[in-house]
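As stored in start.txt (compact mmCIF, C-alpha atoms and all ligand atoms):
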```txt
# COMPACT_ATOMS: atom_id res chain seq x y z
CA MET F 1 -20.07 44.27 10.30
CA ALA F 2 -17.50 41.71 11.41
CA LYS F 3 -14.54 42.96 13.40
CA PRO F 4 -11.14 42.16 11.90
CA GLY F 5 -9.38 39.08 13.22
CA GLY F 6 -11.25 36.18 14.76
CA ASP F 7 -14.72 37.51 13.96
CA MET F 8 -14.02 37.63 10.22
CA ALA F 9 -12.74 34.08 10.35
CA ARG F 10 -15.78 32.91 12.36
CA GLN F 11 -18.17 34.56 9.96
CA GLY F 12 -16.29 32.98 7.04
CA ALA F 13 -16.38 29.58 8.74
CA LEU F 14 -20.14 29.87 9.25
CA ARG F 15 -20.57 30.71 5.56
CA LEU F 16 -18.49 27.69 4.55
CA ILE F 17 -20.50 25.38 6.81
CA GLN F 18 -23.80 26.73 5.59
CA ASN F 19 -22.72 26.09 2.00
CA VAL F 20 -21.81 22.53 3.00
CA ARG F 21 -25.35 22.16 4.37
CA GLU F 22 -26.51 23.06 0.86
CA GLY F 23 -24.34 20.36 -0.67
CA ARG F 24 -21.17 22.25 -1.65
CA SER F 25 -17.81 20.83 -0.64
CA LEU F 26 -15.37 22.96 1.38
CA ALA F 27 -12.92 22.80 -1.53
CA ASP F 28 -15.48 24.08 -4.03
CA GLN F 29 -16.35 27.48 -2.55
CA PRO F 30 -13.89 29.89 -4.20
CA GLY F 31 -16.03 32.97 -3.47
CA ALA F 32 -17.05 32.21 0.12
CA LEU F 33 -14.00 33.81 1.74
CA ARG F 34 -13.40 36.57 -0.84
CA GLY F 35 -12.20 39.78 0.78
CA LEU F 36 -10.72 38.11 3.87
CA PRO F 37 -6.95 38.45 4.43
CA ALA F 38 -5.10 35.17 3.76
CA PRO F 39 -4.51 34.29 7.46
CA GLU F 40 -8.25 34.78 8.18
CA GLN F 41 -9.13 32.61 5.20
CA ALA F 42 -6.89 29.87 6.58
CA ARG F 43 -8.46 30.24 10.06
CA ALA F 44 -11.97 30.14 8.64
CA ALA F 45 -11.23 27.03 6.57
CA ARG F 46 -9.70 25.25 9.56
CA LEU F 47 -12.54 26.22 11.87
CA ALA F 48 -15.17 25.02 9.40
CA ALA F 49 -13.37 21.71 8.78
CA GLU F 50 -12.84 21.04 12.50
CA THR F 51 -16.46 21.92 13.32
CA LEU F 52 -17.69 19.38 10.77
CA ARG F 53 -15.15 16.80 11.95
CA HIS F 54 -16.35 17.10 15.56
CA GLN F 55 -20.01 17.85 14.89
CA GLY F 56 -21.30 14.72 16.62
CA ARG F 57 -19.48 15.55 19.85
CA ALA F 58 -20.48 19.22 19.69
CA ASP F 59 -24.11 18.18 19.27
CA ALA F 60 -23.88 15.94 22.34
CA VAL F 61 -22.61 18.88 24.43
CA ILE F 62 -25.26 21.24 23.06
CA ALA F 63 -28.07 18.70 23.55
CA SER F 64 -27.11 18.42 27.22
CA LEU F 65 -27.55 22.21 27.64
CA VAL F 66 -30.68 23.12 25.66
CA SER F 67 -34.31 22.15 26.16
CA ARG F 68 -35.25 22.63 22.48
CA LYS F 69 -33.12 22.10 19.35
CA PRO F 70 -32.06 25.51 17.99
CA VAL F 71 -32.84 26.49 14.39
CA PRO F 72 -30.14 25.20 11.96
CA GLN F 73 -28.11 28.42 11.54
CA VAL F 74 -28.01 29.08 15.28
CA LEU F 75 -27.08 25.45 15.89
CA ASP F 76 -24.10 25.90 13.57
CA VAL F 77 -22.98 28.99 15.53
CA LEU F 78 -23.17 26.91 18.73
CA ARG F 79 -21.21 24.07 17.10
CA LEU F 80 -18.50 26.50 15.97
CA GLY F 81 -18.22 27.89 19.49
CA VAL F 82 -18.13 24.49 21.20
CA VAL F 83 -15.45 23.14 18.85
CA GLU F 84 -13.37 26.30 19.10
CA MET F 85 -13.36 26.12 22.90
CA LEU F 86 -13.26 22.39 23.61
CA GLU F 87 -11.25 21.08 20.66
CA LEU F 88 -9.11 24.00 19.55
CA GLY F 89 -8.56 25.41 23.06
CA ALA F 90 -9.74 28.99 22.38
CA PRO F 91 -10.48 31.01 25.55
CA ALA F 92 -14.21 30.97 26.39
CA HIS F 93 -14.68 34.74 26.88
CA GLY F 94 -13.65 35.64 23.33
CA VAL F 95 -15.57 32.76 21.76
CA VAL F 96 -18.82 33.46 23.63
CA GLY F 97 -18.85 37.19 22.79
CA ALA F 98 -18.05 36.53 19.12
CA ALA F 99 -20.71 33.82 18.86
CA VAL F 100 -23.33 36.18 20.30
CA ASP F 101 -22.35 38.87 17.76
CA LEU F 102 -22.48 36.30 14.97
CA THR F 103 -25.92 35.10 16.08
CA LYS F 104 -27.25 38.67 15.96
CA THR F 105 -26.31 38.84 12.25
CA LEU F 106 -28.76 36.00 11.51
CA GLY F 107 -31.92 38.07 11.23
CA LYS F 108 -34.84 38.08 13.64
CA ARG F 109 -34.41 34.46 14.72
CA GLY F 110 -30.77 35.17 15.46
CA GLN F 111 -31.58 38.28 17.51
CA ALA F 112 -34.05 36.21 19.52
CA ALA F 113 -31.51 33.43 20.10
CA ALA F 114 -28.56 35.62 21.18
CA GLY F 115 -29.28 35.25 24.91
CA MET F 116 -29.61 31.47 24.61
CA VAL F 117 -26.31 31.26 22.67
CA ASN F 118 -24.60 33.29 25.38
CA ALA F 119 -25.94 31.04 28.17
CA VAL F 120 -25.26 27.74 26.37
CA LEU F 121 -21.71 28.59 25.36
CA ARG F 122 -20.82 29.90 28.82
CA LYS F 123 -21.80 26.53 30.25
CA ALA F 124 -20.25 24.59 27.35
CA GLY F 125 -16.88 26.23 28.06
CA GLY F 126 -16.75 24.34 31.35
CA PHE F 127 -17.91 21.00 29.90
CA GLN F 128 -15.96 18.05 31.32
CA GLY F 129 -15.41 14.86 29.32
CA TRP F 130 -15.09 16.20 25.75
CA ALA F 131 -12.27 13.77 24.95
CA ALA F 132 -14.34 10.79 26.08
CA LEU F 133 -17.34 11.54 23.85
CA PRO F 134 -17.71 9.10 20.93
CA PRO F 135 -16.45 10.42 17.57
CA GLN F 136 -18.71 11.73 14.83
CA GLU F 137 -20.51 8.76 13.23
CA LEU F 138 -20.65 8.34 9.48
CA PRO F 139 -24.09 8.73 7.89
CA GLU F 140 -26.07 5.52 7.52
CA TRP F 141 -25.73 5.25 3.70
CA LEU F 142 -22.02 4.72 4.27
CA ARG F 143 -21.92 3.31 7.80
CA GLY F 144 -24.26 0.43 6.93
CA PRO F 145 -22.13 -1.02 4.09
CA LEU F 146 -18.89 -0.44 6.01
CA VAL F 147 -20.16 -2.19 9.16
CA GLU F 148 -21.20 -5.06 6.92
CA ALA F 149 -17.76 -5.16 5.29
CA TYR F 150 -15.52 -4.67 8.33
CA GLY F 151 -17.66 -5.09 11.48
CA ALA F 152 -18.76 -2.59 14.14
CA ASP F 153 -15.41 -2.46 16.00
CA VAL F 154 -13.46 -1.56 12.86
CA MET F 155 -16.14 0.99 11.99
CA ARG F 156 -15.59 2.72 15.34
CA ALA F 157 -11.81 2.60 14.82
CA ILE F 158 -12.24 4.22 11.38
CA GLU F 159 -14.44 6.94 12.89
CA ALA F 160 -11.82 7.52 15.59
CA ALA F 161 -9.19 7.87 12.84
CA HIS F 162 -11.39 10.41 11.01
CA GLN F 163 -11.53 12.41 14.24
CA GLN F 164 -7.71 12.52 14.42
CA GLY F 165 -7.36 14.19 11.01
CA ALA F 166 -4.37 13.57 8.77
CA PRO F 167 -0.66 14.39 9.02
CA LEU F 168 1.28 15.68 6.02
CA ASP F 169 2.94 12.95 3.96
CA LEU F 170 5.59 13.54 1.32
CA THR F 171 6.88 11.26 -1.43
CA PRO F 172 10.60 11.89 -2.00
CA SER F 173 12.26 11.89 -5.40
CA PRO F 174 14.98 9.23 -5.59
CA GLY F 175 18.04 10.50 -3.70
CA ALA F 176 16.27 13.53 -2.12
CA ALA F 177 17.82 14.88 1.11
CA PRO F 178 15.58 14.15 4.13
CA VAL F 179 13.30 16.92 5.39
CA PRO F 180 14.20 17.77 9.02
CA ASP F 181 11.77 16.32 11.62
CA ALA F 182 10.03 14.13 9.04
CA GLU F 183 9.45 10.53 10.12
CA ALA F 184 10.51 7.97 7.51
CA LEU F 185 7.54 5.60 7.18
CA PRO F 186 8.11 1.87 6.53
CA THR F 187 6.71 2.16 2.99
CA GLY F 188 9.10 4.97 2.00
CA SER F 189 6.96 8.10 2.52
CA TRP F 190 7.97 10.91 4.89
CA ARG F 191 5.55 12.15 7.53
CA LEU F 192 5.30 15.52 9.27
CA THR F 193 2.86 16.20 12.08
CA GLY F 194 1.58 19.52 13.39
CA PRO F 195 1.02 22.70 11.40
CA VAL F 196 3.33 22.91 8.39
CA GLN F 197 3.67 25.47 5.61
CA VAL F 198 4.43 23.21 2.68
CA SER F 199 6.06 25.83 0.45
CA ALA F 200 8.46 26.78 3.27
CA LEU F 201 9.84 23.25 3.72
CA PRO F 202 13.39 22.60 2.47
CA GLY F 203 13.33 20.95 -0.95
CA PHE F 204 10.00 22.49 -2.06
CA ASP F 205 11.49 24.85 -4.65
CA ALA F 206 13.92 22.20 -5.88
CA GLY F 207 11.03 19.74 -6.32
CA ALA F 208 12.77 17.16 -4.13
CA TRP F 209 9.40 15.75 -2.95
CA TRP F 210 5.68 16.17 -3.41
CA VAL F 211 2.69 15.98 -1.08
CA GLN F 212 1.01 12.56 -1.24
CA ASP F 213 -0.65 10.46 1.43
CA ALA F 214 1.34 7.34 2.34
CA ALA F 215 -1.51 5.11 1.12
CA ALA F 216 -1.85 7.04 -2.15
CA ALA F 217 1.86 6.46 -2.80
CA LEU F 218 1.46 2.67 -2.92
CA PRO F 219 -0.38 2.10 -6.26
CA ALA F 220 2.60 3.43 -8.26
CA ARG F 221 4.99 1.35 -6.14
CA LEU F 222 2.80 -1.69 -6.73
CA LEU F 223 3.03 -1.11 -10.49
CA ASP F 224 6.86 -1.28 -10.14
CA PRO F 225 7.66 1.06 -13.06
CA GLN F 226 10.94 0.40 -14.88
CA PRO F 227 13.12 2.91 -16.78
CA GLY F 228 11.99 3.28 -20.38
CA GLU F 229 8.71 1.42 -19.96
CA ARG F 230 5.72 2.91 -21.77
CA ILE F 231 3.12 3.55 -19.08
CA ALA F 232 -0.24 5.35 -19.03
CA ASP F 233 -1.49 7.01 -15.87
CA LEU F 234 -5.26 7.07 -16.39
CA CYS F 235 -7.24 9.59 -14.30
CA ALA F 236 -3.92 11.18 -13.48
CA ALA F 237 -4.55 14.67 -12.14
CA PRO F 238 -3.28 16.38 -10.01
CA GLY F 239 -0.48 13.95 -10.65
CA GLY F 240 1.03 12.40 -7.51
CA LYS F 241 1.27 9.04 -9.24
CA THR F 242 2.45 10.52 -12.56
CA LEU F 243 5.37 12.08 -10.66
CA GLN F 244 6.27 8.71 -9.13
CA LEU F 245 6.18 6.96 -12.52
CA ALA F 246 8.20 9.71 -14.20
CA ALA F 247 10.73 9.77 -11.34
CA ALA F 248 11.28 6.03 -11.90
CA GLY F 249 12.33 6.80 -15.47
CA ALA F 250 9.21 5.52 -17.25
CA GLU F 251 7.89 7.11 -20.44
CA VAL F 252 4.58 8.33 -19.00
CA THR F 253 1.37 9.52 -20.61
CA ALA F 254 -0.93 11.19 -18.09
CA VAL F 255 -4.61 11.23 -19.13
CA ASP F 256 -7.36 13.14 -17.32
CA ILE F 257 -10.67 14.67 -18.33
CA SER F 258 -10.27 17.83 -16.22
CA GLU F 259 -8.27 20.72 -17.72
CA PRO F 260 -8.05 22.66 -14.41
CA ARG F 261 -6.75 19.57 -12.60
CA LEU F 262 -4.27 18.94 -15.44
CA ARG F 263 -2.94 22.48 -14.98
CA ARG F 264 -1.97 21.45 -11.43
CA LEU F 265 -0.37 18.29 -12.82
CA ARG F 266 1.69 20.39 -15.24
CA GLU F 267 2.82 22.70 -12.39
CA ASN F 268 3.76 19.71 -10.26
CA LEU F 269 5.85 18.20 -13.08
CA GLN F 270 7.59 21.55 -13.63
CA ARG F 271 8.41 22.06 -9.95
CA CYS F 272 9.80 18.53 -9.70
CA LYS F 273 11.66 18.82 -13.04
CA LEU F 274 10.00 15.67 -14.36
CA ALA F 275 8.46 14.97 -17.74
CA ALA F 276 5.28 13.28 -18.95
CA ARG F 277 3.07 13.55 -22.01
CA ILE F 278 -0.23 15.13 -20.95
CA VAL F 279 -3.53 14.30 -22.64
CA ALA F 280 -6.83 15.98 -21.76
CA ALA F 281 -9.42 13.35 -22.64
CA ASP F 282 -11.96 10.90 -21.37
CA VAL F 283 -9.87 7.79 -20.78
CA LEU F 284 -12.55 5.74 -22.53
CA ASP F 285 -11.91 7.74 -25.74
CA TRP F 286 -8.12 7.56 -25.52
CA ARG F 287 -5.97 4.85 -27.10
CA PRO F 288 -2.16 4.91 -27.37
CA GLU F 289 -0.47 4.44 -30.76
CA ALA F 290 0.90 1.06 -29.65
CA PRO F 291 -0.02 -1.29 -26.76
CA LEU F 292 1.54 -0.30 -23.43
CA ASP F 293 3.81 -2.09 -20.95
CA ALA F 294 1.74 -0.99 -17.99
CA VAL F 295 -1.27 1.10 -16.95
CA LEU F 296 -2.11 2.73 -13.64
CA LEU F 297 -5.85 3.36 -13.32
CA ASP F 298 -6.73 5.53 -10.29
CA ALA F 299 -10.41 5.45 -11.06
CA PRO F 300 -13.03 8.03 -10.04
CA CYS F 301 -14.79 6.73 -6.93
CA SER F 302 -16.77 7.70 -3.83
CA ALA F 303 -13.53 9.02 -2.20
CA THR F 304 -14.77 7.58 1.09
CA GLY F 305 -11.18 6.75 2.05
CA THR F 306 -10.31 10.45 2.30
CA ILE F 307 -12.78 11.60 4.97
CA ARG F 308 -10.05 12.42 7.50
CA ARG F 309 -8.80 15.02 4.97
CA HIS F 310 -12.31 15.99 3.82
CA PRO F 311 -14.61 15.95 6.88
CA ASP F 312 -17.31 17.66 4.78
CA LEU F 313 -17.68 14.63 2.51
CA PRO F 314 -20.20 12.73 4.69
CA PHE F 315 -22.39 15.86 4.81
CA ILE F 316 -22.49 16.58 1.09
CA ARG F 317 -23.05 13.06 -0.22
CA ASP F 318 -25.96 10.71 0.25
CA GLY F 319 -24.77 7.60 -1.57
CA HIS F 320 -26.37 8.57 -4.87
CA GLY F 321 -24.15 8.09 -7.89
CA ILE F 322 -22.04 5.29 -6.42
CA ALA F 323 -23.72 2.62 -8.57
CA GLU F 324 -22.83 4.66 -11.69
CA LEU F 325 -19.24 5.06 -10.47
CA ILE F 326 -18.97 1.30 -9.94
CA GLU F 327 -20.16 0.70 -13.49
CA LEU F 328 -17.71 3.31 -14.85
CA GLN F 329 -14.82 1.71 -12.92
CA ALA F 330 -15.56 -1.68 -14.51
CA THR F 331 -15.70 -0.12 -18.00
CA MET F 332 -12.42 1.66 -17.32
CA ILE F 333 -10.76 -1.59 -16.19
CA ASP F 334 -11.84 -3.29 -19.44
CA HIS F 335 -10.59 -0.33 -21.49
CA ALA F 336 -7.26 -0.26 -19.61
CA LEU F 337 -6.76 -3.98 -20.30
CA SER F 338 -7.50 -3.39 -23.99
CA ILE F 339 -4.60 -0.93 -24.37
CA LEU F 340 -2.03 -3.19 -22.63
CA ARG F 341 0.36 -5.47 -24.51
CA PRO F 342 0.05 -9.21 -23.79
CA GLY F 343 1.82 -9.84 -20.47
CA GLY F 344 1.44 -6.18 -19.50
CA ARG F 345 0.29 -5.12 -16.04
CA LEU F 346 -2.53 -2.96 -14.75
CA VAL F 347 -2.77 -1.47 -11.28
CA PHE F 348 -6.38 -0.64 -10.45
CA ALA F 349 -6.80 1.70 -7.47
CA THR F 350 -9.55 3.68 -5.74
CA CYS F 351 -9.47 5.89 -2.64
CA SER F 352 -12.65 4.21 -1.42
CA LEU F 353 -13.51 2.09 1.60
CA ILE F 354 -16.42 0.41 -0.18
CA PRO F 355 -15.53 -3.15 -1.33
CA ASP F 356 -17.75 -2.79 -4.43
CA GLU F 357 -15.22 -0.17 -5.60
CA GLY F 358 -12.26 -2.42 -4.76
CA GLU F 359 -12.18 -6.13 -4.00
CA VAL F 360 -15.43 -6.83 -5.88
CA GLN F 361 -14.24 -4.93 -8.98
CA VAL F 362 -11.18 -7.16 -9.18
CA GLU F 363 -13.13 -10.38 -8.59
CA GLU F 364 -15.52 -9.40 -11.38
CA ALA F 365 -12.69 -8.38 -13.74
CA LEU F 366 -11.12 -11.82 -13.22
CA ALA F 367 -14.45 -13.43 -14.11
CA ARG F 368 -14.83 -11.28 -17.27
CA HIS F 369 -11.25 -11.82 -18.52
CA PRO F 370 -10.10 -15.46 -18.60
CA GLY F 371 -6.34 -15.72 -17.99
CA LEU F 372 -6.12 -12.40 -16.16
CA ALA F 373 -4.22 -12.91 -12.89
CA VAL F 374 -3.72 -10.92 -9.68
CA GLU F 375 -0.13 -10.60 -8.48
CA ARG F 376 0.10 -10.47 -4.70
CA PRO F 377 1.74 -7.31 -3.36
CA ASP F 378 5.33 -7.69 -2.20
CA LEU F 379 6.14 -4.15 -1.10
CA THR F 380 8.57 -2.97 1.57
CA GLY F 381 6.75 -1.86 4.71
CA ILE F 382 3.28 -3.29 4.08
CA GLU F 383 1.77 -5.65 6.64
CA PRO F 384 0.53 -9.16 5.73
CA GLY F 385 -2.93 -8.39 7.17
CA TRP F 386 -3.47 -5.69 4.54
CA ILE F 387 -3.42 -8.25 1.69
CA THR F 388 -6.89 -9.43 0.70
CA GLU F 389 -8.22 -12.83 -0.33
CA GLU F 390 -8.16 -12.04 -4.06
CA GLY F 391 -4.60 -10.68 -3.75
CA GLY F 392 -5.21 -6.94 -3.58
CA LEU F 393 -4.17 -4.45 -0.90
CA ARG F 394 -6.87 -2.99 1.38
CA LEU F 395 -5.75 0.08 3.32
CA ARG F 396 -7.88 1.71 6.02
CA PRO F 397 -7.66 4.98 7.99
CA ASP F 398 -7.35 3.00 11.25
CA PHE F 399 -4.14 1.28 10.09
CA TRP F 400 -0.92 2.71 11.62
CA ALA F 401 -3.14 4.31 14.30
CA ASP F 402 -0.13 5.04 16.54
CA ARG F 403 1.66 6.75 13.62
CA GLY F 404 -1.23 8.97 12.49
CA GLY F 405 -3.17 6.64 10.18
CA MET F 406 -3.42 6.60 6.40
CA ASP F 407 -6.08 7.26 3.78
CA GLY F 408 -8.44 4.43 2.90
CA PHE F 409 -7.44 2.86 -0.42
CA TYR F 410 -7.76 -0.29 -2.45
CA MET F 411 -5.32 -1.46 -5.12
CA ALA F 412 -4.48 -4.61 -7.03
CA ARG F 413 -1.94 -5.50 -9.72
CA LEU F 414 -3.40 -7.48 -12.61
CA ARG F 415 -1.30 -9.31 -15.25
CA LYS F 416 -2.75 -9.66 -18.74
CA PRO F 417 -2.13 -13.12 -20.19
CA SER F 418 0.86 -13.37 -22.58
C1 LIG F 501 -8.83 9.98 -7.76
S1 LIG F 501 -8.60 11.34 -8.80
C2 LIG F 501 -7.01 11.00 -9.45
C3 LIG F 501 -5.86 11.32 -8.55
C4 LIG F 501 -4.53 11.18 -9.29
N1 LIG F 501 -4.37 9.86 -9.84
C5 LIG F 501 -3.35 11.48 -8.41
O1 LIG F 501 -2.68 10.57 -7.93
O2 LIG F 501 -3.06 12.67 -8.21
C6 LIG F 501 -9.63 10.89 -10.14
C7 LIG F 501 -9.43 11.70 -11.42
O3 LIG F 501 -10.24 11.10 -12.41
C8 LIG F 501 -10.54 12.09 -13.37
N2 LIG F 501 -11.62 11.54 -14.21
C9 LIG F 501 -12.90 11.27 -13.86
N3 LIG F 501 -13.55 10.72 -14.90
C10 LIG F 501 -12.66 10.64 -15.92
C11 LIG F 501 -12.74 10.16 -17.26
N4 LIG F 501 -13.86 9.64 -17.74
N5 LIG F 501 -11.64 10.24 -18.03
C12 LIG F 501 -10.51 10.79 -17.55
N6 LIG F 501 -10.37 11.25 -16.29
C13 LIG F 501 -11.44 11.17 -15.49
C14 LIG F 501 -10.90 13.29 -12.52
O4 LIG F 501 -10.74 14.49 -13.25
C15 LIG F 501 -9.85 13.15 -11.38
O5 LIG F 501 -8.74 13.97 -11.65
```

Using the file provided, produce a representation of the structure as C-alpha cells.
Ligand SMILES: C[S@@+](CC[C@H](N)C(=O)[O-])C[C@H]1O[C@@H](n2cnc3c(N)ncnc32)[C@H](O)[C@@H]1O
Amino acid sequence: MAKPGGDMARQGALRLIQNVREGRSLADQPGALRGLPAPEQARAARLAAETLRHQGRADAVIASLVSRKPVPQVLDVLRLGVVEMLELGAPAHGVVGAAVDLTKTLGKRGQAAAGMVNAVLRKAGGFQGWAALPPQELPEWLRGPLVEAYGADVMRAIEAAHQQGAPLDLTPSPGAAPVPDAEALPTGSWRLTGPVQVSALPGFDAGAWWVQDAAAALPARLLDPQPGERIADLCAAPGGKTLQLAAAGAEVTAVDISEPRLRRLRENLQRCKLAARIVAADVLDWRPEAPLDAVLLDAPCSATGTIRRHPDLPFIRDGHGIAELIELQATMIDHALSILRPGGRLVFATCSLIPDEGEVQVEEALARHPGLAVERPDLTGIEPGWITEEGGLRLRPDFWADRGGMDGFYMARLRKPS
C-alpha cells in the first residue's frame, strides 16, 4: 500500500509510464490516477512526463551502474528515481527508499531487484555530469526524415529544445491588460516561465486571453481576418484559432469531428465572451451555404512539432498512419479550396516538423490547382529565415532558443484565383 504524499505520486507516475509503454498517451489515461488527491495527480503527471523527456540521459546513468539491463518495469522505477534526483532535485534519501518500496510492489522479480535498485540509486544520486549528457534522441522513424530535412546539427538543436520543455504562452484579446511578469513576444503572444496556475492568473475569469503556443497563434494572424468576413475554421477544436478569428470580428464557423473537443471549444468561447457557429462534422462532408471569404485549415497531422509539450509522443508512435494523414491533408486542402469564393484565401497549417505535411503539401496543391498562389508571410515579429522557398512559414522548436523556443509548425497562405 502506497504511503500518502510522494509515494502515491511515484506509484501513479509508474502506472502512467507503463501505460505509455503499451501505446497510450499521457493525456489519454483518465482512470490511471483515480483516487489520488489532485496535488498528487499533478505530481505524478509531471514526474511521468519528465521521466520520459529525460529517459535517454537516465538510461546513460543507469547503464554506467549496472552490469545487466534490468527488466522493463524495474528499469522504469530506476529511471523515475534518477530523473527525480538529478533533474528535479529531489533529495536522494527519500527517492531511494521510495523506489525500493515501489520495486517491491512489482511481484517476485521486483522483490528480487530491490537490493539492486537501492545500490544503483544510491550511486546515481552522486552522479556528476548530468547536465552534459546528450538529450533524449528521437526514434529513428522520425529522426531519419528530420535529419534529411534539416541536417544533423538542427536535429540535435531540436532535441535540446525538447529537453527544455515549453513555457506557457497566452494570446491576448485585443486591448487586454498585460499579465504581470509575462514577456511580450515579438509576434504578439505573452510568455510566462516557471510553474503557473492558469486559472489563478489575472484576466482568466474575464476571458482576457487564452492559452496558445506562440507558434500556434501565427496561422490565424497569417489569415489576417477582417471584421464581418465569413470564415470557416476547419478542424477547429479546442478552438485557439477560432477565438482569434472571432476576436478579430469575423463571422466564424468552427467545424470539428470531435464532440468532446468541441465542448472545450464552446467553453473557451463562453469564457472569452466570443461567438462562433459550431458544427460537429467531418470537414469533408461540410459545405457552407455560400462560398467563404477565407478558410483556416489546421489539419490533423503527426503532431511532431509538439513533442516538447508531449514527451510521450515519440514512445507511443512508430510512424504508422502518417501516409494516410498526408493523403487526408491533401484531400482537405482541395475541399477547403472548393468552398472558397474566387479570390478567397486559405491558410493551411499543421503542427508537424515533417515537410511532407507542410512544404510538400503546398507545392503539390500548387501543381493540382492552376492559378493558386502562395502569399509570402509579412507578419510582425517573424524572422526572414523562417520563410520557406515556396513562401510558407516553417517554425521549429529550436527557434527563439534563448526565449524558451516554440512549437514546430508549418503554415502557408494560399490565394484562390479570382
Ligand atoms: C490540430 S487539432 C486542431 C487544433 C485547433 N485548430 C486549435 O487551434 O485549437 C486537429 C483537429 O482536427 C480534428 N479532426 C480530425 N479529423 C477531422 C475531420 N475529418 N473533420 C473534422 N475535424 C477533424 C480533430 O478532432 C482535432 O480537433

With a cut-off of 12 Å, could you pull out the residues of stretch 331-389 of chain F touching stretch 123-143 of chain F and give me the nearest pair of atoms for each, distance in Å to one decimal, using all atoms listed in the file, ordered by chain and ascending number, as JSON lines?
```
{"residue": "F:Ser352", "atom": "CA", "partner": "F:Leu142", "partner_atom": "CA", "distance": 11.0}
{"residue": "F:Leu353", "atom": "CA", "partner": "F:Leu142", "partner_atom": "CA", "distance": 9.3}
{"residue": "F:Ile354", "atom": "CA", "partner": "F:Leu142", "partner_atom": "CA", "distance": 8.4}
{"residue": "F:Pro355", "atom": "CA", "partner": "F:Leu142", "partner_atom": "CA", "distance": 11.6}
```

Name each residue within 9 Å of ligand LIG 501 (chain F), counting all atoms listed in the file, as a PyMOL selection string. chain F and resi 212+216-217+219-220+233-243+255-262+265+280-286+296-301+303+328+332+349-351

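The spacing separating atom CA of F:His162 from atom CA of F:Glu40 amounts to 24.7 Å.
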
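Between atom CA of F:Gly385 and atom CA of F:Glu183 the separation is 22.8 Å.
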
List every protein, DNA or RNA residue that has an atom no more than 12 Å from (-22.5, 21.7, 2.6) in the file's coordinate frame, counting all atoms listed in the file, and report them as a PyMOL selection string. chain F and resi 13-29+48-49+52+76+310-318

Write out the residues from the selection above, keeping C-alpha atoms, as an mmCIF file, keeping the file's coordinate frame.
```cif
data_model
loop_
_atom_site.group_PDB
_atom_site.id
_atom_site.type_symbol
_atom_site.label_atom_id
_atom_site.label_comp_id
_atom_site.auth_asym_id
_atom_site.auth_seq_id
_atom_site.Cartn_x
_atom_site.Cartn_y
_atom_site.Cartn_z
ATOM 1 C CA ALA F 13 -16.380 29.580 8.740
ATOM 2 C CA LEU F 14 -20.140 29.870 9.250
ATOM 3 C CA ARG F 15 -20.570 30.710 5.560
ATOM 4 C CA LEU F 16 -18.490 27.690 4.550
ATOM 5 C CA ILE F 17 -20.500 25.380 6.810
ATOM 6 C CA GLN F 18 -23.800 26.730 5.590
ATOM 7 C CA ASN F 19 -22.720 26.090 2.000
ATOM 8 C CA VAL F 20 -21.810 22.530 3.000
ATOM 9 C CA ARG F 21 -25.350 22.160 4.370
ATOM 10 C CA GLU F 22 -26.510 23.060 0.860
ATOM 11 C CA GLY F 23 -24.340 20.360 -0.670
ATOM 12 C CA ARG F 24 -21.170 22.250 -1.650
ATOM 13 C CA SER F 25 -17.810 20.830 -0.640
ATOM 14 C CA LEU F 26 -15.370 22.960 1.380
ATOM 15 C CA ALA F 27 -12.920 22.800 -1.530
ATOM 16 C CA ASP F 28 -15.480 24.080 -4.030
ATOM 17 C CA GLN F 29 -16.350 27.480 -2.550
ATOM 18 C CA ALA F 48 -15.170 25.020 9.400
ATOM 19 C CA ALA F 49 -13.370 21.710 8.780
ATOM 20 C CA LEU F 52 -17.690 19.380 10.770
ATOM 21 C CA ASP F 76 -24.100 25.900 13.570
ATOM 22 C CA HIS F 310 -12.310 15.990 3.820
ATOM 23 C CA PRO F 311 -14.610 15.950 6.880
ATOM 24 C CA ASP F 312 -17.310 17.660 4.780
ATOM 25 C CA LEU F 313 -17.680 14.630 2.510
ATOM 26 C CA PRO F 314 -20.200 12.730 4.690
ATOM 27 C CA PHE F 315 -22.390 15.860 4.810
ATOM 28 C CA ILE F 316 -22.490 16.580 1.090
ATOM 29 C CA ARG F 317 -23.050 13.060 -0.220
ATOM 30 C CA ASP F 318 -25.960 10.710 0.250
#
```

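Remark: for F:Gln164, the closest of the candidate residues F:Thr187, F:Ser418, F:Gln329, F:Thr193 is F:Thr193 (distances computed over all atoms listed in the file).
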
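If you look at atom CA of F:Thr253 and atom CA of F:Ala232, they are 4.7 Å away from each other.
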
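With distances restricted to all atoms listed in the file, F:Val117 is the closest residue to F:Val82 from F:Gln111, F:Asp101, F:Val117, F:Ala330.
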
Best match for closeness to F:Asn268 among F:Ala58, F:Leu121, F:Ala208, F:Ile333, counting only C-alpha atoms: F:Ala208

Contacts between stretch 363-375 of chain F and stretch 209-266 of chain F, please, where a residue of stretch 209-266 of chain F counts if it comes within 12 Å (with only C-alpha atoms); show its shortest atom pair and distance in Å to one decimal, rows by chain and ascending number, as JSON lines.
```
{"residue": "F:Leu222", "atom": "CA", "partner": "F:Glu375", "partner_atom": "CA", "distance": 9.5}
{"residue": "F:Leu223", "atom": "CA", "partner": "F:Glu375", "partner_atom": "CA", "distance": 10.2}
{"residue": "F:Asp224", "atom": "CA", "partner": "F:Glu375", "partner_atom": "CA", "distance": 11.8}
```

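Residues lying within 10 Å of F:Arg308, counting all atoms listed in the file and ignoring same-chain neighbours fewer than 5 positions away, are Ala49, Arg53, Ile158, Glu159, Ala160, Ala161, His162, Gln163, Gln164, Gly165, Ala166, Pro167, Leu313, Pro397, Gly405, Met406, Asp407 and Gly408 of chain F.
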